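Q: Handing over protein.csv, CSV, C-alpha atoms.
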```csv
chain,number,residue,atom,x,y,z
X,1,MET,CA,3.2,-2.7,-22.0
X,2,ALA,CA,5.0,-6.0,-21.9
X,3,ALA,CA,4.5,-6.6,-18.2
X,4,ALA,CA,0.8,-5.7,-18.5
X,5,ARG,CA,0.5,-8.2,-21.3
X,6,THR,CA,2.0,-10.8,-18.9
X,7,ILE,CA,-0.8,-10.1,-16.4
X,8,PHE,CA,-3.4,-10.5,-19.1
X,9,ARG,CA,-1.9,-13.8,-20.4
X,10,PHE,CA,-1.9,-15.1,-16.9
X,11,ALA,CA,-5.5,-14.2,-16.5
X,12,ARG,CA,-6.5,-16.0,-19.7
X,13,LEU,CA,-4.4,-19.1,-18.9
X,14,THR,CA,-5.9,-19.5,-15.5
X,15,SER,CA,-9.3,-19.0,-16.9
X,16,CYS,CA,-8.8,-21.6,-19.6
X,17,ALA,CA,-7.3,-24.0,-17.0
X,18,GLY,CA,-10.6,-23.8,-15.1
X,19,LYS,CA,-9.1,-22.4,-12.0
X,20,SER,CA,-11.6,-20.8,-9.7
X,21,ARG,CA,-11.7,-17.1,-8.8
X,22,SER,CA,-10.5,-16.1,-5.3
X,23,LEU,CA,-12.9,-17.0,-2.5
X,24,ILE,CA,-14.0,-13.4,-2.3
X,25,PHE,CA,-14.6,-13.1,-6.0
X,26,ASN,CA,-16.5,-16.4,-5.9
X,27,ARG,CA,-18.8,-15.0,-3.3
X,28,ILE,CA,-19.4,-11.9,-5.3
X,29,GLN,CA,-20.7,-14.0,-8.2
X,30,ARG,CA,-22.7,-16.5,-6.0
X,31,ARG,CA,-24.4,-14.1,-3.6
X,32,GLY,CA,-26.6,-11.4,-4.9
X,33,ILE,CA,-26.2,-9.3,-1.8
X,34,ALA,CA,-22.5,-8.7,-2.7
X,35,SER,CA,-23.2,-7.4,-6.2
X,36,CYS,CA,-23.6,-3.8,-4.9
X,37,ILE,CA,-20.1,-3.9,-3.5
X,38,ASP,CA,-18.6,-5.7,-6.5
X,39,PRO,CA,-15.2,-4.0,-7.0
X,40,SER,CA,-15.2,-4.8,-10.7
X,41,LEU,CA,-18.1,-2.4,-11.4
X,42,GLY,CA,-17.2,0.4,-13.7
X,43,LEU,CA,-13.9,-1.2,-14.8
X,44,THR,CA,-12.8,-1.9,-18.4
X,45,ASP,CA,-12.5,-5.5,-19.6
X,46,GLU,CA,-8.7,-5.3,-19.3
X,47,GLN,CA,-8.9,-3.9,-15.8
X,48,LYS,CA,-11.2,-6.7,-14.8
X,49,GLU,CA,-8.7,-9.2,-16.1
X,50,PHE,CA,-5.8,-8.1,-14.1
X,51,GLN,CA,-8.1,-7.5,-11.1
X,52,LYS,CA,-9.0,-11.2,-11.3
X,53,VAL,CA,-5.3,-12.1,-11.5
X,54,ALA,CA,-4.7,-10.1,-8.3
X,55,PHE,CA,-7.7,-11.6,-6.5
X,56,ASP,CA,-6.5,-15.1,-7.5
X,57,PHE,CA,-3.0,-14.4,-6.3
X,58,ALA,CA,-4.3,-13.0,-3.0
X,59,ALA,CA,-6.5,-16.1,-2.5
X,60,ASN,CA,-4.0,-18.7,-3.5
X,61,GLU,CA,-0.6,-17.2,-2.5
X,62,MET,CA,-1.3,-14.8,0.3
X,63,ALA,CA,-4.5,-15.6,2.3
X,64,PRO,CA,-3.4,-19.1,3.3
X,65,HIS,CA,-0.2,-17.7,4.8
X,66,MET,CA,-1.5,-14.4,6.2
X,67,ALA,CA,-1.8,-15.5,9.8
X,68,GLU,CA,1.5,-17.4,9.9
X,69,TRP,CA,3.4,-14.4,8.4
X,70,ASP,CA,1.8,-12.2,11.0
X,71,GLN,CA,2.5,-14.5,14.0
X,72,LYS,CA,6.0,-15.5,13.0
X,73,GLU,CA,6.9,-12.0,11.6
X,74,ILE,CA,7.9,-13.5,8.3
X,75,PHE,CA,8.9,-11.1,5.4
X,76,PRO,CA,7.5,-13.1,2.5
X,77,VAL,CA,10.2,-12.5,-0.1
X,78,GLU,CA,9.4,-15.4,-2.3
X,79,CYS,CA,5.7,-14.6,-2.4
X,80,MET,CA,6.5,-11.0,-3.4
X,81,ARG,CA,8.8,-12.2,-6.2
X,82,LYS,CA,6.0,-14.3,-7.5
X,83,ALA,CA,3.9,-11.2,-7.5
X,84,ALA,CA,6.6,-9.4,-9.4
X,85,GLN,CA,6.4,-12.1,-12.1
X,86,LEU,CA,2.9,-10.8,-12.8
X,87,GLY,CA,4.2,-7.3,-13.1
X,88,PHE,CA,3.3,-6.1,-9.6
X,89,GLY,CA,6.9,-5.0,-8.7
X,90,GLY,CA,6.7,-1.9,-10.9
X,91,ILE,CA,3.1,-1.4,-11.7
X,92,TYR,CA,3.3,2.2,-12.7
X,93,VAL,CA,6.9,2.1,-13.8
X,94,ASP,CA,8.0,2.6,-17.5
X,95,PRO,CA,7.9,-0.7,-19.4
X,96,GLU,CA,11.3,0.2,-20.8
X,97,MET,CA,12.6,-0.2,-17.3
X,98,GLY,CA,10.8,-3.5,-16.8
X,99,GLY,CA,7.6,-2.0,-15.3
X,100,SER,CA,4.0,-2.6,-16.2
X,101,GLY,CA,3.3,1.0,-17.3
X,102,LEU,CA,-0.2,0.9,-15.8
X,103,THR,CA,-2.3,3.8,-14.6
X,104,ARG,CA,-2.9,5.0,-11.1
X,105,LEU,CA,-6.4,3.7,-11.3
X,106,ASP,CA,-5.1,0.3,-12.4
X,107,THR,CA,-2.7,0.3,-9.5
X,108,SER,CA,-5.5,1.0,-7.0
X,109,VAL,CA,-7.5,-1.8,-8.4
X,110,ILE,CA,-4.6,-4.2,-8.0
X,111,PHE,CA,-3.7,-3.2,-4.5
X,112,GLU,CA,-7.3,-3.4,-3.3
X,113,ALA,CA,-7.5,-7.0,-4.7
X,114,LEU,CA,-4.1,-8.1,-3.2
X,115,SER,CA,-5.0,-6.7,0.2
X,116,THR,CA,-7.9,-9.1,0.6
X,117,GLY,CA,-5.2,-11.8,0.9
X,118,CYS,CA,-2.7,-9.9,3.2
X,119,VAL,CA,-2.8,-6.2,3.9
X,120,SER,CA,0.7,-6.0,5.4
X,121,THR,CA,2.4,-7.7,2.5
X,122,THR,CA,0.4,-5.6,0.0
X,123,ALA,CA,1.2,-2.4,1.9
X,124,TYR,CA,4.9,-3.1,1.6
X,125,ILE,CA,4.6,-3.9,-2.1
X,126,SER,CA,2.9,-0.5,-2.5
X,127,ILE,CA,5.8,1.3,-0.7
X,128,HIS,CA,8.3,-0.6,-2.9
X,129,ASN,CA,6.3,0.5,-6.0
X,130,MET,CA,6.4,4.1,-4.8
X,131,CYS,CA,10.2,4.1,-4.4
X,132,ASN,CA,10.6,2.4,-7.8
X,133,TRP,CA,8.4,5.1,-9.5
X,134,MET,CA,10.4,7.9,-7.8
X,135,ILE,CA,13.6,6.5,-9.3
X,136,ASP,CA,12.0,6.0,-12.6
X,137,THR,CA,10.5,9.5,-12.7
X,138,PHE,CA,13.2,11.6,-11.2
X,139,GLY,CA,16.3,9.6,-11.9
X,140,ASN,CA,18.5,10.0,-15.0
X,141,THR,CA,18.9,7.3,-17.6
X,142,GLU,CA,21.9,5.7,-15.8
X,143,GLN,CA,20.1,5.6,-12.4
X,144,ARG,CA,16.9,4.2,-13.9
X,145,GLU,CA,18.8,1.5,-15.7
X,146,ARG,CA,20.8,0.6,-12.7
X,147,PHE,CA,18.0,0.4,-10.1
X,148,CYS,CA,14.6,-0.1,-11.8
X,149,PRO,CA,14.9,-3.5,-13.5
X,150,ASP,CA,15.9,-5.3,-10.3
X,151,LEU,CA,13.2,-3.5,-8.4
X,152,CYS,CA,10.6,-4.4,-10.9
X,153,THR,CA,11.5,-8.1,-10.6
X,154,MET,CA,11.9,-7.7,-6.8
X,155,ASP,CA,15.3,-9.2,-7.0
X,156,LYS,CA,16.0,-6.1,-4.9
X,157,PHE,CA,13.6,-4.4,-2.5
X,158,ALA,CA,13.3,-0.7,-1.7
X,159,SER,CA,12.5,1.4,1.4
X,160,TYR,CA,11.3,5.0,1.6
X,161,CYS,CA,13.1,7.1,4.2
X,162,LEU,CA,11.6,10.4,5.2
X,163,THR,CA,10.4,10.2,8.8
X,164,GLU,CA,12.8,10.9,11.6
X,165,PRO,CA,12.6,10.6,15.4
X,166,GLY,CA,12.1,14.3,15.7
X,167,SER,CA,10.2,15.0,12.4
X,168,GLY,CA,7.0,13.1,11.6
X,169,SER,CA,4.2,15.3,10.3
X,170,ASP,CA,6.6,18.2,10.1
X,171,ALA,CA,8.7,16.5,7.5
X,172,ALA,CA,10.4,19.6,6.2
X,173,SER,CA,12.2,20.0,9.6
X,174,LEU,CA,14.2,16.8,9.1
X,175,LEU,CA,17.8,16.9,10.4
X,176,THR,CA,19.7,14.1,8.5
X,177,SER,CA,22.6,16.0,6.9
X,178,ALA,CA,24.4,15.3,3.7
X,179,GLN,CA,27.6,17.3,3.3
X,180,LEU,CA,29.2,17.4,-0.1
X,181,LYS,CA,32.9,16.3,0.0
X,182,GLY,CA,34.3,15.8,-3.5
X,183,ASP,CA,32.2,13.4,-5.5
X,184,HIS,CA,30.4,12.0,-2.4
X,185,TYR,CA,27.8,13.2,0.1
X,186,VAL,CA,28.6,12.2,3.7
X,187,LEU,CA,25.3,11.5,5.5
X,188,ASN,CA,24.7,11.7,9.2
X,189,GLY,CA,21.4,11.2,11.0
X,190,SER,CA,18.7,8.6,11.4
X,191,LYS,CA,15.3,7.7,10.0
X,192,ALA,CA,12.5,6.1,12.0
X,193,PHE,CA,9.7,3.6,11.3
X,194,ILE,CA,11.2,2.4,8.0
X,195,SER,CA,9.2,-0.4,6.4
X,196,GLY,CA,11.6,-3.1,5.2
X,197,GLY,CA,14.5,-1.5,7.1
X,198,GLY,CA,17.4,-3.9,7.4
X,199,ASP,CA,16.0,-6.4,5.0
X,200,THR,CA,15.7,-4.3,1.9
X,201,ASP,CA,18.5,-3.3,-0.6
X,202,VAL,CA,17.7,0.2,-1.8
X,203,TYR,CA,16.9,3.2,0.5
X,204,VAL,CA,15.4,6.4,-1.0
X,205,VAL,CA,16.6,8.9,1.6
X,206,MET,CA,15.5,12.5,2.1
X,207,CYS,CA,18.4,14.5,3.6
X,208,ARG,CA,19.5,18.1,4.2
X,209,THR,CA,22.0,19.4,1.7
X,210,GLY,CA,21.1,23.1,2.2
X,211,GLY,CA,19.5,25.4,4.6
X,212,PRO,CA,16.5,24.9,6.8
X,213,GLY,CA,13.1,24.2,5.4
X,214,ALA,CA,11.8,22.2,2.4
X,215,LYS,CA,14.1,23.9,-0.1
X,216,GLY,CA,17.2,22.5,1.7
X,217,ILE,CA,16.3,18.9,1.2
X,218,SER,CA,17.6,16.5,-1.5
X,219,CYS,CA,17.0,12.9,-2.3
X,220,LEU,CA,19.7,10.3,-2.4
X,221,VAL,CA,19.6,6.6,-3.1
X,222,VAL,CA,21.6,4.7,-0.5
X,223,GLU,CA,22.5,1.0,-1.2
X,224,LYS,CA,22.6,-1.7,1.5
X,225,GLY,CA,26.2,-2.5,2.3
X,226,THR,CA,27.4,1.1,2.1
X,227,PRO,CA,29.9,1.8,5.0
X,228,GLY,CA,28.2,3.8,7.7
X,229,LEU,CA,24.7,2.5,7.0
X,230,SER,CA,23.3,0.4,9.9
X,231,PHE,CA,19.9,-0.4,11.4
X,232,GLY,CA,18.1,-0.3,14.7
X,233,LYS,CA,16.3,-3.1,16.4
X,234,LYS,CA,13.3,-4.7,14.8
X,235,GLU,CA,10.2,-2.9,16.1
X,236,GLN,CA,7.4,-4.9,17.7
X,237,LYS,CA,4.2,-3.6,16.2
X,238,VAL,CA,0.4,-4.0,16.6
X,239,GLY,CA,0.0,-4.9,13.0
X,240,TRP,CA,2.0,-4.9,9.7
X,241,ASN,CA,4.0,-7.7,11.3
X,242,CYS,CA,5.1,-9.5,8.1
X,243,GLN,CA,7.2,-6.5,7.1
X,244,PRO,CA,10.1,-5.6,9.3
X,245,THR,CA,10.3,-2.0,10.6
X,246,ARG,CA,13.6,-0.6,11.9
X,247,ALA,CA,15.4,2.7,12.3
X,248,VAL,CA,17.9,3.5,9.4
X,249,ILE,CA,21.1,4.9,10.9
X,250,LEU,CA,23.6,6.9,8.9
X,251,GLU,CA,27.0,7.6,10.4
X,252,ASP,CA,29.6,9.2,8.1
X,253,CYS,CA,27.9,7.3,5.3
X,254,ALA,CA,29.5,8.3,2.0
X,255,VAL,CA,27.1,8.2,-1.0
X,256,PRO,CA,28.2,9.1,-4.5
X,257,VAL,CA,26.8,12.3,-6.0
X,258,THR,CA,25.7,10.1,-8.9
X,259,ASN,CA,23.1,8.6,-6.5
X,260,ARG,CA,21.2,11.9,-6.1
X,261,LEU,CA,17.8,12.0,-7.7
X,262,GLY,CA,17.1,15.3,-9.4
X,263,ALA,CA,18.8,18.5,-8.4
X,264,GLU,CA,19.9,19.6,-5.0
X,265,GLY,CA,17.0,21.1,-3.1
X,266,GLN,CA,14.4,19.1,-5.1
X,267,GLY,CA,14.1,16.3,-2.5
X,268,PHE,CA,11.1,17.5,-0.6
X,269,ASN,CA,9.2,18.0,-3.9
X,270,ILE,CA,10.1,14.4,-4.9
X,271,ALA,CA,9.1,13.0,-1.6
X,272,MET,CA,5.7,14.7,-1.7
X,273,LYS,CA,5.0,13.6,-5.3
X,274,GLY,CA,5.8,10.1,-4.2
X,275,LEU,CA,3.4,10.4,-1.2
X,276,ASN,CA,0.5,11.6,-3.4
X,277,GLY,CA,0.5,8.3,-5.1
X,278,GLY,CA,1.4,6.5,-1.8
X,279,ARG,CA,-1.8,7.9,-0.2
X,280,ILE,CA,-3.9,6.4,-3.0
X,281,ASN,CA,-2.1,3.1,-2.6
X,282,ILE,CA,-2.5,2.9,1.1
X,283,ALA,CA,-6.2,3.9,0.8
X,284,SER,CA,-6.5,1.1,-1.7
X,285,CYS,CA,-5.0,-1.4,0.8
X,286,SER,CA,-7.7,-0.3,3.3
X,287,LEU,CA,-10.4,-0.9,0.7
X,288,GLY,CA,-9.2,-4.5,0.3
X,289,ALA,CA,-9.4,-5.1,4.0
X,290,ALA,CA,-12.8,-3.5,4.3
X,291,HIS,CA,-14.1,-5.5,1.3
X,292,ALA,CA,-13.0,-8.7,2.9
X,293,CYS,CA,-14.4,-7.7,6.3
X,294,VAL,CA,-17.8,-6.9,4.9
X,295,GLN,CA,-18.0,-10.3,3.4
X,296,LEU,CA,-16.7,-12.0,6.6
X,297,ALA,CA,-19.3,-10.2,8.6
X,298,ARG,CA,-22.1,-11.1,6.2
X,299,ASP,CA,-21.1,-14.8,6.2
X,300,HIS,CA,-20.8,-14.9,10.0
X,301,MET,CA,-24.3,-13.3,10.3
X,302,SER,CA,-25.7,-16.1,8.1
X,303,VAL,CA,-24.3,-19.0,10.2
X,304,ARG,CA,-24.2,-17.6,13.8
X,305,LYS,CA,-27.4,-18.0,15.8
X,306,GLN,CA,-28.5,-16.3,19.0
X,307,PHE,CA,-31.9,-16.3,20.6
X,308,GLY,CA,-32.9,-19.0,18.2
X,309,GLU,CA,-32.4,-16.9,15.1
X,310,PRO,CA,-29.4,-16.3,12.8
X,311,LEU,CA,-27.8,-12.9,13.3
X,312,SER,CA,-28.8,-12.0,9.7
X,313,SER,CA,-32.5,-11.7,10.9
X,314,ASN,CA,-31.6,-9.0,13.4
X,315,GLN,CA,-32.6,-5.6,11.9
X,316,PHE,CA,-30.0,-3.7,13.9
X,317,LEU,CA,-27.2,-5.8,12.4
X,318,GLN,CA,-28.8,-5.6,9.0
X,319,PHE,CA,-28.6,-1.8,9.2
X,320,LYS,CA,-25.0,-2.0,10.4
X,321,LEU,CA,-24.1,-4.2,7.4
X,322,ALA,CA,-25.8,-1.8,5.1
X,323,GLU,CA,-23.8,1.1,6.5
X,324,MET,CA,-20.6,-0.8,6.1
X,325,ALA,CA,-21.3,-1.6,2.5
X,326,THR,CA,-22.2,2.0,1.8
X,327,LYS,CA,-19.0,3.3,3.4
X,328,LEU,CA,-17.0,0.8,1.4
X,329,VAL,CA,-18.5,1.8,-2.0
X,330,ALA,CA,-18.2,5.5,-1.2
X,331,SER,CA,-14.6,5.1,-0.2
X,332,ARG,CA,-13.8,3.2,-3.3
X,333,LEU,CA,-15.4,5.8,-5.6
X,334,LEU,CA,-13.4,8.6,-3.9
X,335,VAL,CA,-10.1,6.7,-4.1
X,336,ARG,CA,-10.6,5.9,-7.8
X,337,GLU,CA,-11.5,9.5,-8.6
X,338,ALA,CA,-8.4,10.6,-6.8
X,339,ALA,CA,-6.4,8.1,-8.8
X,340,ARG,CA,-7.8,9.5,-12.1
X,341,ALA,CA,-7.0,13.0,-11.0
X,342,LEU,CA,-3.4,12.1,-10.2
X,343,GLN,CA,-2.9,10.3,-13.4
X,344,ASP,CA,-4.2,13.3,-15.4
X,345,ASN,CA,-2.2,15.7,-13.3
X,346,ARG,CA,-5.3,17.7,-12.5
X,347,PRO,CA,-5.1,20.8,-10.3
X,348,ASP,CA,-7.3,19.1,-7.7
X,349,ALA,CA,-5.1,16.0,-7.5
X,350,VAL,CA,-3.3,16.8,-4.3
X,351,ALA,CA,-6.5,17.6,-2.4
X,352,LEU,CA,-8.3,14.6,-3.8
X,353,CYS,CA,-5.4,12.3,-2.8
X,354,SER,CA,-5.6,13.7,0.7
X,355,MET,CA,-9.4,13.4,0.8
X,356,ALA,CA,-9.2,9.8,-0.4
X,357,LYS,CA,-6.6,8.8,2.1
X,358,LEU,CA,-8.5,10.6,5.0
X,359,PHE,CA,-11.9,9.2,4.1
X,360,ALA,CA,-11.0,5.7,3.0
X,361,THR,CA,-8.6,4.9,5.8
X,362,ASP,CA,-11.0,6.3,8.5
X,363,GLU,CA,-14.1,4.6,7.1
X,364,CYS,CA,-12.5,1.3,6.2
X,365,PHE,CA,-11.1,1.0,9.7
X,366,THR,CA,-14.6,1.6,11.0
X,367,ILE,CA,-15.9,-1.1,8.7
X,368,CYS,CA,-13.3,-3.6,9.9
X,369,ASN,CA,-13.8,-2.7,13.5
X,370,GLN,CA,-17.5,-3.1,13.2
X,371,ALA,CA,-17.0,-6.5,11.5
X,372,LEU,CA,-15.0,-7.6,14.5
X,373,GLN,CA,-17.7,-6.4,16.8
X,374,MET,CA,-20.3,-8.4,14.8
X,375,HIS,CA,-18.2,-11.5,15.4
X,376,GLY,CA,-18.4,-11.1,19.1
X,377,GLY,CA,-15.7,-12.9,21.1
X,378,TYR,CA,-14.7,-14.9,18.1
X,379,GLY,CA,-13.6,-11.8,16.4
X,380,TYR,CA,-11.0,-11.3,19.1
X,381,LEU,CA,-9.4,-14.6,18.4
X,382,LYS,CA,-6.4,-15.0,16.1
X,383,ASP,CA,-8.1,-17.9,14.5
X,384,TYR,CA,-10.4,-15.4,12.8
X,385,ALA,CA,-9.0,-13.2,10.1
X,386,VAL,CA,-11.1,-10.2,11.0
X,387,GLN,CA,-8.9,-9.2,13.9
X,388,GLN,CA,-5.8,-9.1,11.7
X,389,PHE,CA,-7.4,-6.9,9.2
X,390,VAL,CA,-8.3,-4.5,12.1
X,391,ARG,CA,-4.7,-4.5,13.4
X,392,ASP,CA,-3.1,-4.2,10.0
X,393,ILE,CA,-5.1,-1.2,8.7
X,394,ARG,CA,-5.1,0.9,11.9
X,395,VAL,CA,-1.7,2.3,11.0
X,396,HIS,CA,-3.1,3.5,7.6
X,397,GLN,CA,-4.6,6.5,9.5
X,398,ILE,CA,-1.1,7.5,10.6
X,399,LEU,CA,1.4,6.8,7.8
X,400,GLU,CA,1.8,8.5,4.4
X,401,GLY,CA,0.9,11.7,6.3
X,402,THR,CA,-1.4,11.4,9.3
X,403,ASN,CA,-5.1,12.0,8.7
X,404,GLU,CA,-4.8,15.2,10.7
X,405,VAL,CA,-2.3,16.4,8.1
X,406,MET,CA,-4.6,15.4,5.3
X,407,ARG,CA,-7.2,17.7,6.8
X,408,MET,CA,-4.6,20.5,6.9
X,409,ILE,CA,-3.8,20.0,3.2
X,410,ILE,CA,-7.5,20.0,2.2
X,411,ALA,CA,-8.3,23.1,4.2
X,412,ARG,CA,-5.2,24.9,2.9
X,413,GLY,CA,-6.2,24.2,-0.7
X,414,LEU,CA,-9.7,25.5,0.0
X,415,LEU,CA,-8.6,28.7,1.8
X,416,THR,CA,-5.9,29.4,-0.8
X,417,GLU,CA,-8.5,29.4,-3.6
X,418,SER,CA,-10.7,31.7,-1.6
```
Could you render the structure as structure tokens?
A:
Amino acid sequence: MAAARTIFRFARLTSCAGKSRSLIFNRIQRRGIASCIDPSLGLTDEQKEFQKVAFDFAANEMAPHMAEWDQKEIFPVECMRKAAQLGFGGIYVDPEMGGSGLTRLDTSVIFEALSTGCVSTTAYISIHNMCNWMIDTFGNTEQRERFCPDLCTMDKFASYCLTEPGSGSDAASLLTSAQLKGDHYVLNGSKAFISGGGDTDVYVVMCRTGGPGAKGISCLVVEKGTPGLSFGKKEQKVGWNCQPTRAVILEDCAVPVTNRLGAEGQGFNIAMKGLNGGRINIASCSLGAAHACVQLARDHMSVRKQFGEPLSSNQFLQFKLAEMATKLVASRLLVREAARALQDNRPDAVALCSMAKLFATDECFTICNQALQMHGGYGYLKDYAVQQFVRDIRVHQILEGTNEVMRMIIARGLLTES
């Protein structure tokens, strides 16, 4: 795993050079109260090394710019390319294609660490990784060699295109059509809420090549610059502001048949397999935000005084902090178990991925929101990072399948078994 070795070499070099850990990692080591939420617990030595690399990168390359990227809506291309130099552009992509070849658990560990520096940027990197993996897994040799190396280095960026204006949770009802004409498909339709839309280079598009329902859907790779491909206005969002979101519009857009991933009719299955991993990834991003917010709340409680005492002496707030820490650790354990299940292709993997996404995104939002509340009026100011974590992870309960859909998937699995 050449790229993985790059991560490990970087970790050792930074350690030998005497560079400090990230702010959050430093606090873990300095303050005994944080040992119970230490995200390195249970990891192998190698996993701890690339976790440290991700924490350092988050603290040094992302956190100092997080607020500016949010306020100015900057898509931090150069920062992400630096991340790709550490192997974070194709974390679970085959090393032969330039990827790191790491496991789903390794990936979760990395995304959790990176999210402590900027949730929005990390969330986009996770979507990019998902698209890269889909091409690597379902593409033929020519497709993999053509797309994956540039995606792993992030010389090119990718977007996932499933949702449409009329089909969100009911993804199998999508209407974007792809009619076969000679050696090309001619696409017509539009995709909504596409992360990176207009700024990225490769669009993994689910479209209808057959009849109604899931079996009529295929997956095509559409490259930026293809005639007939255009984009809507940049959406103004509550959070995730450092990644652009636009509609992707396809009008008589001719795409070569050689850009189809898998067989005709396999697209919905490809999309869902991508989302299983995507759900773990986005849950991991929520973990990073919650981890940061627990520590922000703890530090604020130590310095803020009311009624002549620090907030940390207030038993009600102590109990709240304890609940936040417990929810964080429980979420992390579930996400990591789901990652193991997906890596091992276990029969419970789909349900566990849904459980992890449902539980972690709900609980981590609650953690971040409670941290804001504990900051009082200061938490509502943009000078304080806690409000951005709240805004950025709220959408995690909606995307990659809403949490209502996660409940449906879990219940369906239970009832089918019965």
Q: How far is it from atom CA of Phe88 of chain X to atom CA of Leu220 of chain X, in Å with one decimal?
A: 24.3 Å
Q: Which is closer to Pro347 of chain X than all the others in X:Ile282, X:Asn369, X:Ser313, X:Glu417, using all atoms listed in the file?
A: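 Once distances to Pro347 of chain X are computed over all atoms listed in the file, the minimum belongs to X:Glu417.
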Q: Kindly indicate which residue among X:Lys156, X:Lys305, X:Arg332, X:Arg346 lies nearest to Ala283 of chain X, using only C-alpha atoms for the distances.
A: X:Arg332
Q: Taking 4 positions as the minimum chain separation for residues in the same chain, which residues sit within 8 Å of Val335 of chain X when counting all atoms listed in the file? Answer as a VMD selection string.
A: chain X and resid 108 280 283 to 284 331 339 353 356 to 357 360
Q: Could you jot down the atom CA of Ala192 of chain X to atom CA of Trp133 of chain X separation for me, Å, one decimal place?
A: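 So the two atoms, atom CA of Ala192 of chain X and atom CA of Trp133 of chain X, lie 21.9 Å apart.
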Q: Which one is closest to Asp252 of chain X: X:Gly277, X:Val405, X:Asn314, X:His184? Count all atoms listed in the file.
A: X:His184
Q: Just checking: using all atoms listed in the file, which residue out of X:Arg260, X:Arg336, X:Arg104, X:His375 ends up closest to Leu41 of chain X?
A: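 Once distances to Leu41 of chain X are computed over all atoms listed in the file, the minimum belongs to X:Arg336.
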Q: Rounded to one decimal place, report the atom CA of Gln318 of chain X-atom CA of Ser302 of chain X distance in Å.
A: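 According to the coordinates, atom CA of Gln318 of chain X and atom CA of Ser302 of chain X are separated by 11.0 Å.
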Q: Would you be able to write out as a PyMOL selection string which residues have an atom within 8 Å of (-7.4, -3.5, 8.4) in the file's coordinates, counting all atoms listed in the file?
A: chain X and resi 119+286+289-290+364-365+368+388-394
Q: Show me, as a compact mmCIF listing (two decimals) with C-alpha atoms, in the frame of the given file, the residues that have an atom within 10 Å of Ala385 of chain X when counting all atoms listed in the file, minus same-chain residues fewer than 2 positions from it.
A:
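To be explicit, this is the file written out as out-v2.txt:
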```
# COMPACT_ATOMS: atom_id res chain seq x y z
CA ALA X 63 -4.50 -15.60 2.30
CA MET X 66 -1.50 -14.40 6.20
CA ALA X 67 -1.80 -15.50 9.80
CA CYS X 118 -2.70 -9.90 3.20
CA ALA X 292 -13.00 -8.70 2.90
CA CYS X 293 -14.40 -7.70 6.30
CA LEU X 296 -16.70 -12.00 6.60
CA LEU X 372 -15.00 -7.60 14.50
CA TYR X 378 -14.70 -14.90 18.10
CA GLY X 379 -13.60 -11.80 16.40
CA TYR X 380 -11.00 -11.30 19.10
CA LEU X 381 -9.40 -14.60 18.40
CA LYS X 382 -6.40 -15.00 16.10
CA ASP X 383 -8.10 -17.90 14.50
CA GLN X 387 -8.90 -9.20 13.90
CA GLN X 388 -5.80 -9.10 11.70
CA PHE X 389 -7.40 -6.90 9.20
CA VAL X 390 -8.30 -4.50 12.10
```
Q: With all atoms of segment 145-150 of chain X from the file as input, state the centre and edge lengths in Å to one decimal of the axis-aligned box that has 8 Å extra on each side, as AutoDock Vina command-line options.
A:
```
--center_x 17.7 --center_y -1.9 --center_z -12.9 --size_x 22.2 --size_y 22.8 --size_z 21.6
```
Q: Need to verify the contact set: Tyr92 of chain X, 9 Å, all atoms listed in the file, exclusion of same-chain residues closer than 4 positions in sequence. Can you return it as an NGL selection string?
A: :X and (88 or 99-104 or 106-107 or 129-130 or 132-133)
Q: Output C-alpha atoms for every residue in the selection just made, as a short mmCIF file (atom, residue, chain, number, x, y, z; two decimals), in the frame of the given file.
A:
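Just written: part.cif:
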```cif
data_model
loop_
_atom_site.label_atom_id
_atom_site.label_comp_id
_atom_site.auth_asym_id
_atom_site.auth_seq_id
_atom_site.Cartn_x
_atom_site.Cartn_y
_atom_site.Cartn_z
CA PHE X 88 3.30 -6.10 -9.60
CA GLY X 99 7.60 -2.00 -15.30
CA SER X 100 4.00 -2.60 -16.20
CA GLY X 101 3.30 1.00 -17.30
CA LEU X 102 -0.20 0.90 -15.80
CA THR X 103 -2.30 3.80 -14.60
CA ARG X 104 -2.90 5.00 -11.10
CA ASP X 106 -5.10 0.30 -12.40
CA THR X 107 -2.70 0.30 -9.50
CA ASN X 129 6.30 0.50 -6.00
CA MET X 130 6.40 4.10 -4.80
CA ASN X 132 10.60 2.40 -7.80
CA TRP X 133 8.40 5.10 -9.50
#
```
Q: Quick one: everything within 12 Å of Met406 of chain X, counting all atoms listed in the file, minus sequence neighbours fewer than 2 positions away in the same chain. Send it as a PyMOL selection string.
A: chain X and resi 169+275-276+279+350-362+397-404+408-413
